[in-house]
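Chemist: Data: coords.cif, mmCIF, C-alpha atoms and all ligand atoms.
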data_target
#
loop_
_atom_site.label_atom_id
_atom_site.label_comp_id
_atom_site.auth_asym_id
_atom_site.auth_seq_id
_atom_site.Cartn_x
_atom_site.Cartn_y
_atom_site.Cartn_z
CA MET E 1329 0.00 0.00 0.00
CA ASP E 1330 2.92 2.32 0.59
CA LYS E 1331 3.38 3.13 -3.07
CA LEU E 1332 -0.13 4.45 -3.42
CA ILE E 1333 0.11 8.18 -3.86
CA ILE E 1334 -1.62 9.84 -0.97
CA LEU E 1335 -2.55 13.46 -0.68
CA ASP E 1336 -2.47 15.16 2.65
CA LYS E 1337 -3.84 18.49 1.51
CA LEU E 1338 -7.38 19.06 0.40
CA VAL E 1339 -6.75 21.90 -1.98
CA SER E 1340 -3.66 22.15 -4.12
CA SER E 1341 -2.16 25.57 -4.55
CA ASN E 1342 -1.87 25.29 -8.32
CA GLY E 1343 -4.58 24.67 -10.82
CA ASN E 1344 -8.09 23.38 -10.73
CA THR E 1345 -9.04 20.30 -8.82
CA ILE E 1346 -11.10 17.26 -9.70
CA THR E 1347 -12.39 15.38 -6.70
CA MET E 1348 -13.95 12.03 -7.34
CA PHE E 1349 -16.12 10.00 -5.01
CA THR E 1350 -16.25 6.28 -5.38
CA GLY E 1351 -17.63 3.36 -3.39
CA LYS E 1352 -20.32 0.74 -3.30
CA GLY E 1353 -23.95 1.70 -3.96
CA GLY E 1354 -25.76 3.56 -1.19
CA VAL E 1355 -22.72 4.35 0.99
CA GLY E 1356 -23.06 8.12 0.63
CA LYS E 1357 -21.03 9.09 -2.45
CA THR E 1358 -23.59 11.58 -3.73
CA THR E 1359 -24.07 13.06 -0.27
CA CYS E 1360 -20.33 13.59 0.19
CA ALA E 1361 -19.92 14.88 -3.37
CA ALA E 1362 -22.72 17.40 -2.89
CA ALA E 1363 -21.35 18.57 0.48
CA THR E 1364 -17.87 18.96 -1.03
CA ALA E 1365 -19.19 20.88 -4.01
CA HIS E 1366 -21.13 23.12 -1.67
CA HIS E 1367 -18.00 23.74 0.37
CA TYR E 1368 -15.94 24.91 -2.61
CA ALA E 1369 -18.79 27.06 -3.88
CA SER E 1370 -19.10 28.72 -0.49
CA LEU E 1371 -15.42 29.69 -0.82
CA GLU E 1372 -16.55 31.52 -3.99
CA LYS E 1373 -14.77 29.11 -6.29
CA GLU E 1374 -16.70 28.29 -9.44
CA THR E 1375 -17.70 24.68 -8.86
CA ILE E 1376 -19.56 22.00 -10.78
CA ALA E 1377 -20.72 18.64 -9.49
CA ILE E 1378 -21.03 16.07 -12.25
CA SER E 1379 -22.73 12.77 -11.89
CA THR E 1380 -21.96 9.78 -14.08
CA ASP E 1381 -24.44 7.59 -12.25
CA ALA E 1382 -27.22 6.28 -14.47
CA THR E 1383 -29.68 7.11 -11.66
CA PRO E 1384 -28.46 10.53 -10.68
CA SER E 1385 -29.55 12.03 -7.40
CA LEU E 1386 -27.64 15.30 -7.22
CA SER E 1387 -30.62 17.37 -8.30
CA HIS E 1388 -32.76 15.57 -5.73
CA LEU E 1389 -30.22 16.31 -3.00
CA PHE E 1390 -30.01 19.98 -3.93
CA GLU E 1391 -33.81 20.05 -4.26
CA LEU E 1392 -33.54 21.33 -7.79
CA THR E 1393 -36.46 21.11 -10.16
CA ARG E 1394 -34.93 22.87 -13.14
CA LYS E 1395 -33.81 20.57 -15.89
CA GLU E 1396 -31.10 22.58 -17.66
CA LYS E 1397 -27.81 20.83 -18.19
CA PRO E 1398 -25.76 22.05 -16.45
CA ALA E 1399 -28.19 23.52 -13.91
CA LYS E 1400 -27.31 26.33 -11.53
CA VAL E 1401 -27.92 25.59 -7.84
CA LYS E 1402 -26.70 28.93 -6.51
CA ASP E 1403 -23.84 31.35 -7.06
CA PHE E 1404 -20.64 29.45 -7.88
CA LEU E 1405 -22.41 26.10 -7.88
CA SER E 1406 -23.76 24.10 -10.83
CA ILE E 1407 -24.60 20.47 -11.30
CA HIS E 1408 -24.51 18.38 -14.45
CA GLU E 1409 -26.06 14.94 -14.51
CA LEU E 1410 -24.76 12.94 -17.41
CA GLY E 1411 -27.18 10.29 -18.55
CA MET E 1412 -26.17 7.54 -20.92
CA ASN E 1413 -28.20 9.02 -23.78
CA GLU E 1414 -26.58 12.37 -23.34
CA VAL E 1415 -23.15 10.84 -23.27
CA MET E 1416 -23.90 8.87 -26.42
CA GLU E 1417 -25.01 12.03 -28.12
CA MET E 1418 -21.82 13.83 -27.21
CA TRP E 1419 -19.78 10.83 -28.20
CA ASP E 1420 -21.55 10.74 -31.53
CA LYS E 1421 -20.75 14.39 -32.16
CA LYS E 1422 -17.13 14.05 -31.28
CA PHE E 1423 -16.05 10.60 -32.41
CA GLY E 1424 -19.00 9.09 -34.23
CA ALA E 1425 -18.05 10.05 -37.77
CA GLU E 1426 -14.43 9.06 -37.28
CA VAL E 1427 -15.23 5.65 -35.90
CA TYR E 1428 -17.90 5.13 -38.51
CA ALA E 1429 -15.30 5.77 -41.19
CA VAL E 1430 -13.22 2.90 -39.85
CA PHE E 1431 -16.14 0.56 -39.60
CA SER E 1432 -17.80 1.34 -42.87
CA SER E 1433 -14.53 0.70 -44.68
CA LEU E 1434 -14.62 -2.84 -43.39
CA VAL E 1435 -18.28 -3.74 -43.31
CA SER E 1436 -21.28 -2.31 -45.02
CA ILE E 1437 -23.39 -0.81 -42.23
CA ASP E 1438 -25.64 2.22 -42.13
CA TYR E 1439 -25.03 4.93 -39.58
CA SER E 1440 -27.99 4.38 -37.21
CA LYS E 1441 -27.30 0.63 -37.05
CA PHE E 1442 -23.68 1.46 -36.41
CA LEU E 1443 -24.54 3.72 -33.46
CA GLU E 1444 -26.79 1.02 -32.03
CA PHE E 1445 -23.99 -1.47 -32.40
CA MET E 1446 -21.50 0.79 -30.71
CA THR E 1447 -23.68 1.35 -27.65
CA SER E 1448 -24.60 -2.26 -27.17
CA VAL E 1449 -21.36 -4.01 -28.01
CA LEU E 1450 -18.78 -1.51 -26.94
CA PRO E 1451 -20.02 0.26 -23.83
CA GLY E 1452 -16.38 0.88 -23.01
CA LEU E 1453 -16.27 3.53 -25.70
CA SER E 1454 -18.98 5.61 -24.12
CA ASP E 1455 -17.18 5.20 -20.79
CA GLU E 1456 -14.12 6.58 -22.41
CA PHE E 1457 -16.12 9.45 -23.73
CA MET E 1458 -17.40 10.19 -20.24
CA LEU E 1459 -13.82 10.50 -19.06
CA ASP E 1460 -12.93 12.54 -22.10
CA TYR E 1461 -15.78 14.90 -21.31
CA ILE E 1462 -14.50 15.46 -17.77
CA LYS E 1463 -10.99 15.97 -19.10
CA GLU E 1464 -12.24 18.54 -21.56
CA LEU E 1465 -14.30 20.30 -18.92
CA ASN E 1466 -11.15 20.59 -16.87
CA GLU E 1467 -9.14 21.91 -19.79
CA LYS E 1468 -11.73 24.57 -20.54
CA GLY E 1469 -11.00 25.91 -17.08
CA GLU E 1470 -14.48 27.32 -16.57
CA TYR E 1471 -14.67 25.67 -13.15
CA GLU E 1472 -12.04 25.81 -10.46
CA ASN E 1473 -13.39 22.68 -8.87
CA ILE E 1474 -14.98 19.71 -10.51
CA ILE E 1475 -16.65 17.27 -8.16
CA TRP E 1476 -17.32 13.93 -9.74
CA ASP E 1477 -20.01 11.75 -8.26
CA THR E 1478 -19.70 8.28 -9.75
CA ALA E 1479 -21.84 5.23 -10.29
CA PRO E 1480 -21.40 2.24 -7.94
CA LEU E 1481 -17.93 0.85 -7.70
CA GLY E 1482 -17.96 -1.98 -10.23
CA GLN E 1483 -19.10 0.29 -13.02
CA THR E 1484 -16.66 2.99 -12.06
CA LEU E 1485 -13.68 0.68 -11.97
CA SER E 1486 -14.49 -0.66 -15.38
CA LEU E 1487 -14.95 2.90 -16.60
CA LEU E 1488 -11.48 3.74 -15.32
CA GLU E 1489 -10.00 0.64 -16.88
CA THR E 1490 -11.41 1.42 -20.29
CA PRO E 1491 -8.71 3.79 -21.55
CA ALA E 1492 -5.95 1.39 -20.54
CA LEU E 1493 -7.70 -1.59 -22.10
CA LEU E 1494 -8.62 0.28 -25.23
CA ARG E 1495 -5.07 1.45 -25.53
CA LYS E 1496 -3.75 -2.10 -25.29
CA HIS E 1497 -6.09 -3.24 -28.04
CA LEU E 1498 -5.36 -0.28 -30.22
CA ARG E 1499 -1.65 -0.95 -29.95
CA MET E 1500 -2.21 -4.26 -31.67
CA ALA E 1501 -4.68 -2.92 -34.16
CA PRO E 1502 -2.22 -1.57 -36.77
CA ARG E 1503 -0.73 -5.03 -37.15
CA ILE E 1504 -4.18 -6.48 -37.73
CA TYR E 1505 -5.20 -3.74 -40.10
CA SER E 1506 -1.99 -3.93 -42.07
CA LYS E 1507 -2.89 -7.53 -42.89
CA LEU E 1508 -6.23 -6.53 -44.29
CA ARG E 1509 -6.47 -6.22 -48.00
CA LEU E 1510 -7.28 -2.55 -48.13
CA GLY E 1511 -5.88 -0.17 -50.64
CA HIS E 1512 -3.43 2.37 -49.31
CA LYS E 1513 -6.06 5.06 -49.74
CA SER E 1514 -8.42 3.59 -47.14
CA LYS E 1515 -5.69 2.12 -44.98
CA LYS E 1516 -3.89 5.36 -44.26
CA PRO E 1517 -6.81 7.23 -42.66
CA ILE E 1518 -7.70 4.17 -40.59
CA MET E 1519 -4.16 3.93 -39.26
CA ASP E 1520 -4.27 7.62 -38.44
CA ILE E 1521 -7.52 7.26 -36.54
CA LEU E 1522 -6.22 4.28 -34.58
CA MET E 1523 -3.08 6.17 -33.66
CA HIS E 1524 -5.11 9.17 -32.65
CA TRP E 1525 -7.34 6.96 -30.54
CA GLU E 1526 -4.47 5.30 -28.82
CA GLU E 1527 -3.01 8.69 -27.99
CA ALA E 1528 -6.36 9.90 -26.69
CA SER E 1529 -6.61 6.87 -24.39
CA ALA E 1530 -3.11 7.46 -23.08
CA GLU E 1531 -3.94 11.10 -22.44
CA ILE E 1532 -7.05 10.15 -20.51
CA MET E 1533 -5.02 7.80 -18.29
CA ASP E 1534 -2.46 10.55 -17.66
CA PHE E 1535 -5.23 12.97 -16.93
CA ILE E 1536 -6.79 10.70 -14.29
CA ARG E 1537 -3.38 10.04 -12.80
CA GLU E 1538 -2.33 13.64 -12.65
CA ARG E 1539 -5.53 15.48 -11.91
CA VAL E 1540 -8.13 13.33 -10.23
CA ARG E 1541 -8.16 12.90 -6.45
CA PHE E 1542 -9.97 9.79 -5.35
CA ASN E 1543 -12.16 9.81 -2.29
CA ILE E 1544 -13.33 6.38 -1.26
CA VAL E 1545 -16.58 6.25 0.67
CA THR E 1546 -17.39 3.20 2.73
CA ILE E 1547 -19.62 2.12 5.63
CA PRO E 1548 -18.73 -0.06 8.64
CA GLU E 1549 -20.24 -3.27 7.32
CA ALA E 1550 -18.68 -6.55 6.21
CA LEU E 1551 -19.20 -6.37 2.45
CA ALA E 1552 -18.18 -2.73 2.15
CA VAL E 1553 -15.00 -3.29 4.15
CA GLU E 1554 -14.15 -6.40 2.13
CA GLN E 1555 -14.47 -4.46 -1.11
CA LEU E 1556 -12.02 -1.82 0.08
CA ALA E 1557 -8.98 -4.00 -0.51
CA ASP E 1558 -9.95 -4.47 -4.14
CA THR E 1559 -10.48 -0.77 -4.64
CA PHE E 1560 -7.11 0.09 -3.13
CA HIS E 1561 -5.47 -2.53 -5.27
CA LYS E 1562 -6.96 -1.05 -8.44
CA LEU E 1563 -5.98 2.51 -7.53
CA TYR E 1564 -2.47 1.32 -6.80
CA GLU E 1565 -2.24 -0.66 -10.02
CA TYR E 1566 -3.08 2.37 -12.12
CA GLY E 1567 -1.12 4.84 -10.03
CA PHE E 1568 -4.14 6.95 -9.13
CA THR E 1569 -4.11 9.42 -6.27
CA LEU E 1570 -6.04 8.84 -3.10
CA GLN E 1571 -7.16 11.83 -1.12
CA GLN E 1572 -9.05 10.26 1.73
CA LEU E 1573 -11.19 7.43 2.95
CA ILE E 1574 -14.58 8.34 4.36
CA ILE E 1575 -16.34 5.98 6.75
CA ASN E 1576 -19.97 7.01 6.59
CA ASN E 1577 -22.98 6.07 8.72
CA VAL E 1578 -20.99 5.69 11.91
CA VAL E 1579 -23.38 5.40 14.85
CA LYS E 1580 -22.10 7.49 17.74
CA ARG E 1581 -24.89 7.47 20.28
CA LYS E 1582 -25.58 4.51 22.49
CA ASP E 1583 -28.78 5.63 24.20
CA SER E 1584 -30.82 2.53 23.45
CA ASP E 1585 -30.20 -1.21 23.29
CA PHE E 1586 -30.67 -1.00 19.56
CA LEU E 1587 -28.02 1.67 19.11
CA MET E 1588 -25.70 -0.01 21.59
CA ALA E 1589 -25.82 -3.19 19.51
CA LYS E 1590 -25.24 -1.16 16.35
CA VAL E 1591 -22.21 0.63 17.82
CA GLU E 1592 -20.76 -2.70 18.96
CA GLN E 1593 -21.27 -4.20 15.53
CA GLN E 1594 -19.63 -1.29 13.72
CA LYS E 1595 -16.70 -1.13 16.10
CA SER E 1596 -14.68 -4.03 14.71
CA TYR E 1597 -15.13 -2.89 11.13
CA ILE E 1598 -14.02 0.63 11.98
CA GLU E 1599 -10.97 -0.73 13.80
CA THR E 1600 -10.13 -2.98 10.87
CA ILE E 1601 -10.25 -0.04 8.50
CA HIS E 1602 -8.03 2.11 10.71
CA ASP E 1603 -5.54 -0.75 11.18
CA SER E 1604 -5.40 -1.67 7.49
CA TYR E 1605 -5.15 1.86 6.14
CA SER E 1606 -3.28 3.66 8.87
CA ASN E 1607 -1.27 5.75 6.40
CA ILE E 1608 -4.35 7.26 4.79
CA LYS E 1609 -6.45 10.17 5.89
CA ILE E 1610 -9.67 8.71 7.32
CA VAL E 1611 -12.74 10.75 8.14
CA GLU E 1612 -15.71 9.34 10.03
CA LEU E 1613 -19.15 10.69 9.30
CA PRO E 1614 -21.91 10.02 11.81
CA MET E 1615 -25.18 8.48 10.81
CA PHE E 1616 -27.82 11.18 11.04
CA PRO E 1617 -31.34 10.47 12.25
CA TYR E 1618 -32.83 12.32 9.29
CA GLU E 1619 -32.60 12.44 5.52
CA LEU E 1620 -29.71 14.47 4.20
CA LYS E 1621 -31.43 16.64 1.70
CA GLY E 1622 -31.21 20.35 0.99
CA LEU E 1623 -28.41 22.83 1.63
CA GLU E 1624 -28.89 23.09 5.41
CA ARG E 1625 -28.49 19.36 5.94
CA LEU E 1626 -25.56 19.14 3.55
CA LYS E 1627 -23.76 21.79 5.57
CA GLU E 1628 -23.61 19.38 8.49
CA ILE E 1629 -21.68 16.90 6.36
CA GLU E 1630 -19.56 19.70 4.93
CA ASN E 1631 -18.60 20.91 8.43
CA ILE E 1632 -17.26 17.50 9.35
CA LEU E 1633 -15.48 16.83 6.04
CA PHE E 1634 -13.72 20.18 6.16
CA LYS E 1635 -13.39 20.60 9.91
CA ASN E 1636 -9.67 21.27 9.95
CA THR E 1637 -9.46 23.38 6.85
CA ARG E 1638 -11.36 26.41 8.05
N1 LIG Q 1701 -24.41 10.01 7.34
C1 LIG Q 1701 -25.64 9.74 6.94
N2 LIG Q 1701 -26.67 9.71 7.82
C2 LIG Q 1701 -27.93 9.44 7.44
N3 LIG Q 1701 -28.28 9.18 6.17
C3 LIG Q 1701 -27.31 9.20 5.22
C4 LIG Q 1701 -25.95 9.48 5.55
N4 LIG Q 1701 -25.23 9.44 4.42
C5 LIG Q 1701 -26.08 9.14 3.42
N5 LIG Q 1701 -27.33 8.99 3.89
C6 LIG Q 1701 -28.55 8.65 3.13
O1 LIG Q 1701 -28.31 7.39 2.52
C7 LIG Q 1701 -28.87 7.36 1.21
C8 LIG Q 1701 -27.79 7.01 0.19
O2 LIG Q 1701 -26.85 8.06 0.13
P1 LIG Q 1701 -26.20 8.52 -1.24
O3 LIG Q 1701 -25.29 9.66 -0.96
O4 LIG Q 1701 -27.24 8.71 -2.28
O5 LIG Q 1701 -25.34 7.21 -1.58
P2 LIG Q 1701 -24.64 6.77 -2.96
O6 LIG Q 1701 -24.49 7.98 -3.80
O7 LIG Q 1701 -23.33 6.19 -2.52
O8 LIG Q 1701 -25.52 5.75 -3.55
C9 LIG Q 1701 -29.49 8.71 0.99
O9 LIG Q 1701 -30.86 8.63 1.26
C10 LIG Q 1701 -28.78 9.61 2.00
O10 LIG Q 1701 -29.59 10.70 2.42
MG MG Q 1702 -25.15 8.32 -5.79
#
Take the structure in the file and give it back as structure tokens.
Ligand SMILES: Nc1ncnc2c1ncn2[C@@H]1O[C@H](COP(=O)(O)OP(=O)(O)O)[C@@H](O)[C@H]1O
Ligand SMILES: [Mg+2]
Modeler:
Amino acid sequence: MDKLIILDKLVSSNGNTITMFTGKGGVGKTTCAAATAHHYASLEKETIAISTDATPSLSHLFELTRKEKPAKVKDFLSIHELGMNEVMEMWDKKFGAEVYAVFSSLVSIDYSKFLEFMTSVLPGLSDEFMLDYIKELNEKGEYENIIWDTAPLGQTLSLLETPALLRKHLRMAPRIYSKLRLGHKSKKPIMDILMHWEEASAEIMDFIRERVRFNIVTIPEALAVEQLADTFHKLYEYGFTLQQLIINNVVKRKDSDFLMAKVEQQKSYIETIHDSYSNIKIVELPMFPYELKGLERLKEIENILFKNTR
């Protein structure tokens, strides 16, 4: 674990930040992402919270009814929920024609069938586009802070693996294509596109490595704690940067038998986490007796997450 790059500061002095929240479903990623976005916005830094979860809940949390994309929550704070359809549309605009050129040189396929094929057979490509979108948003520099609320862990890890996998495949592609009986005229542009693609995938990996700070959210329960090791392993493997580990839903009060039992049950999991990841910044968030919805409630989370930075 010691080679995992760990941040000890929450805000870097140079450049914009991208803070990503990952973890199993229902552990509190969106809640933490929203509270973090609210924190940066309250420092008057232009902030956007993006969700790449297929069932986004940011707008619900911020009690927003407007449907613009991105939608403004308040001064300095916007949210953008990226649905799969929207991502496909953007992907189509940016890469569709290029990829279609490759495909249609090999097989006869009309464009709408091709798009259908791409979404169903190669979901990895739209994942890559999602990452590309975040990278581009960062490059545009419109927002000082980008808060990225992700889909449940499995999906997110495969999303993050896509550029590396795609890159590996694309590296072999020229050899395969060079064996195809295509005239030089159609071969050259295909080779160019493949090269361009491989470069784009490499750039996305570098971007995640250099710019994205990972925040892992977990809860003191068996399955969630078990999954942590896997997550750490993946982050380490790809050289991603971990900012902190958040243990959410920690029961603090023991004023009933029920709560006493709950506290006891959580205790060993919390100890295990602290023992296993002692070199990482760990924040414990209490379980609240009410729904965390709306700015006032989010502030309570924000105050704990950023307690020592004020
Ligand atoms: N510390 C907490 N105390 C009480 N309820 C919480 C806490 N954290 C999250 N919740 C609630 O748990 C549910 C899931 O949280 P959410 O942030 O949507 O998780 P995720 O995005 O990981 O699926 C929400 O209803 C949220 O209000
Ligand atoms: Mg969520």
Chemist: Check every protein, DNA and RNA residue against ligand LIG 1701 (chain Q), keep those with an atom at most 7 Å away (counting only C-alpha atoms and all ligand atoms), and present them as a PyMOL selection string.
Modeler: chain E and resi 1351-1360+1385+1480+1576-1577+1613-1621
Chemist: How many Å separate CA of Trp1525 in chain E from CA of Lys1496 in chain E?
Modeler: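 Separation between CA of Trp1525 in chain E and CA of Lys1496 in chain E: 11.1 Å.
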Chemist: Just give me the gap between CA of Ile1601 in chain E and CA of Val1579 in chain E in Å, one decimal is fine.
Modeler: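 According to the coordinates, CA of Ile1601 in chain E and CA of Val1579 in chain E are separated by 15.6 Å.
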Chemist: Can you tell me how far CA of Asp1381 in chain E sits from CA of Arg1541 in chain E, in Å to one decimal?
Modeler: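 Taking CA of Asp1381 in chain E as the start and CA of Arg1541 in chain E as the end point, the length is 18.1 Å.
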Chemist: Between E:Ile1532, E:Ile1462, E:Ile1598, E:Val1553, which one has atoms that come closest to Thr1478 in chain E, using all atoms listed in the file?
Modeler: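 Using all atoms listed in the file, the shortest distance to Thr1478 in chain E belongs to E:Ile1462.
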Chemist: What's the 10 Å shell around Glu1396 in chain E, counting only C-alpha atoms, without same-chain residues fewer than 4 positions away, as a list of chain:residue names?
Modeler: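 Here the answer would be E:Lys1400, E:Ile1407, E:His1408, E:Glu1409.
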Chemist: Of the candidates E:Ser1436, E:Ser1596, E:Thr1380, E:Thr1375, which shows the shortest atom-to-atom distance to ligand MG 1702 (chain Q), using all atoms listed in the file?
Modeler: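 Ranked by minimum distance to ligand MG 1702 (chain Q), first place goes to E:Thr1380.
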Chemist: Can you work out which one of E:Lys1395, E:Lys1373, E:His1602, E:Lys1582 has the shortest atom-to-atom distance to Tyr1471 in chain E, counting all atoms listed in the file?
Modeler: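 Counting all atoms listed in the file, the residue closest to Tyr1471 in chain E is E:Lys1373.
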Chemist: Identify which of the residues E:Asn1344, E:Thr1393, E:Ser1440, E:Gln1594 lies closest to Lys1468 in chain E, counting only C-alpha atoms when measuring atom-to-atom distances.
Modeler: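 Result for the nearest residue to Lys1468 in chain E: E:Asn1344.
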Chemist: Given only C-alpha atoms and all ligand atoms as the basis, pick out the residue of E:Glu1489, E:Asp1558, E:Asp1585, E:Asp1477 nearest to ligand MG 1702 (chain Q).
Modeler: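 Closest to ligand MG 1702 (chain Q), using only C-alpha atoms and all ligand atoms: E:Asp1477.
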Chemist: As a ChimeraX atom specification, please: the residues near Ile1629 in chain E (cut-off 8 Å, all atoms listed in the file, same-chain neighbours under 3 positions excluded).
Modeler: /E:1360,1363,1613,1625-1626,1632-1633
Chemist: Rank E:His1388, E:Lys1609, E:Lys1397, E:Lys1595 by their smallest atom-to-atom distance to Gln1571 in chain E, using all atoms listed in the file, and report the top residue only.
Modeler: E:Lys1609
Chemist: Find the residues around Ala1552 in chain E up to 10 Å (all atoms listed in the file counted), leave out those fewer than 2 positions away in its own chain, and share them as a list in words.
Modeler: Gly1351, Lys1352, Gly1353, Val1355, Val1545, Thr1546, Ile1547, Pro1548, Glu1549, Ala1550, Glu1554, Gln1555, Leu1556, Ala1557 and Tyr1597 of chain E
Chemist: Extract, using only C-alpha atoms, all DNA, RNA and protein residues at most 9 Å from His1367 in chain E, discarding same-chain residues fewer than 6 positions from it, and format them as a list in words.
Modeler: Lys1627, Glu1630, Asn1631 and Phe1634 of chain E
Chemist: Can you give me N, CA and C atoms for range 1568-1579 of chain E, written as a CSV table (one decimal), in the frame of the given file?
Modeler:
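Result file follows (result14.csv):
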chain,number,residue,atom,x,y,z
E,1568,PHE,N,-3.2,5.8,-9.4
E,1568,PHE,CA,-4.1,7.0,-9.1
E,1568,PHE,C,-3.9,7.5,-7.7
E,1569,THR,N,-4.4,8.7,-7.5
E,1569,THR,CA,-4.1,9.4,-6.3
E,1569,THR,C,-5.3,9.4,-5.3
E,1570,LEU,N,-5.0,8.9,-4.1
E,1570,LEU,CA,-6.0,8.8,-3.1
E,1570,LEU,C,-6.0,10.0,-2.2
E,1571,GLN,N,-7.1,10.7,-2.0
E,1571,GLN,CA,-7.2,11.8,-1.1
E,1571,GLN,C,-7.6,11.4,0.3
E,1572,GLN,N,-8.6,10.7,0.4
E,1572,GLN,CA,-9.0,10.3,1.7
E,1572,GLN,C,-10.1,9.1,1.7
E,1573,LEU,N,-10.2,8.5,2.8
E,1573,LEU,CA,-11.2,7.4,3.0
E,1573,LEU,C,-12.3,7.9,3.9
E,1574,ILE,N,-13.5,7.9,3.5
E,1574,ILE,CA,-14.6,8.3,4.4
E,1574,ILE,C,-15.4,7.2,4.9
E,1575,ILE,N,-15.5,7.0,6.2
E,1575,ILE,CA,-16.3,6.0,6.8
E,1575,ILE,C,-17.6,6.7,7.1
E,1576,ASN,N,-18.7,6.3,6.4
E,1576,ASN,CA,-20.0,7.0,6.6
E,1576,ASN,C,-20.9,6.1,7.5
E,1577,ASN,N,-21.9,6.8,7.9
E,1577,ASN,CA,-23.0,6.1,8.7
E,1577,ASN,C,-22.5,5.5,10.0
E,1578,VAL,N,-21.5,6.2,10.6
E,1578,VAL,CA,-21.0,5.7,11.9
E,1578,VAL,C,-22.0,6.1,13.0
E,1579,VAL,N,-22.4,5.1,13.8
E,1579,VAL,CA,-23.4,5.4,14.8
E,1579,VAL,C,-22.6,5.8,16.1
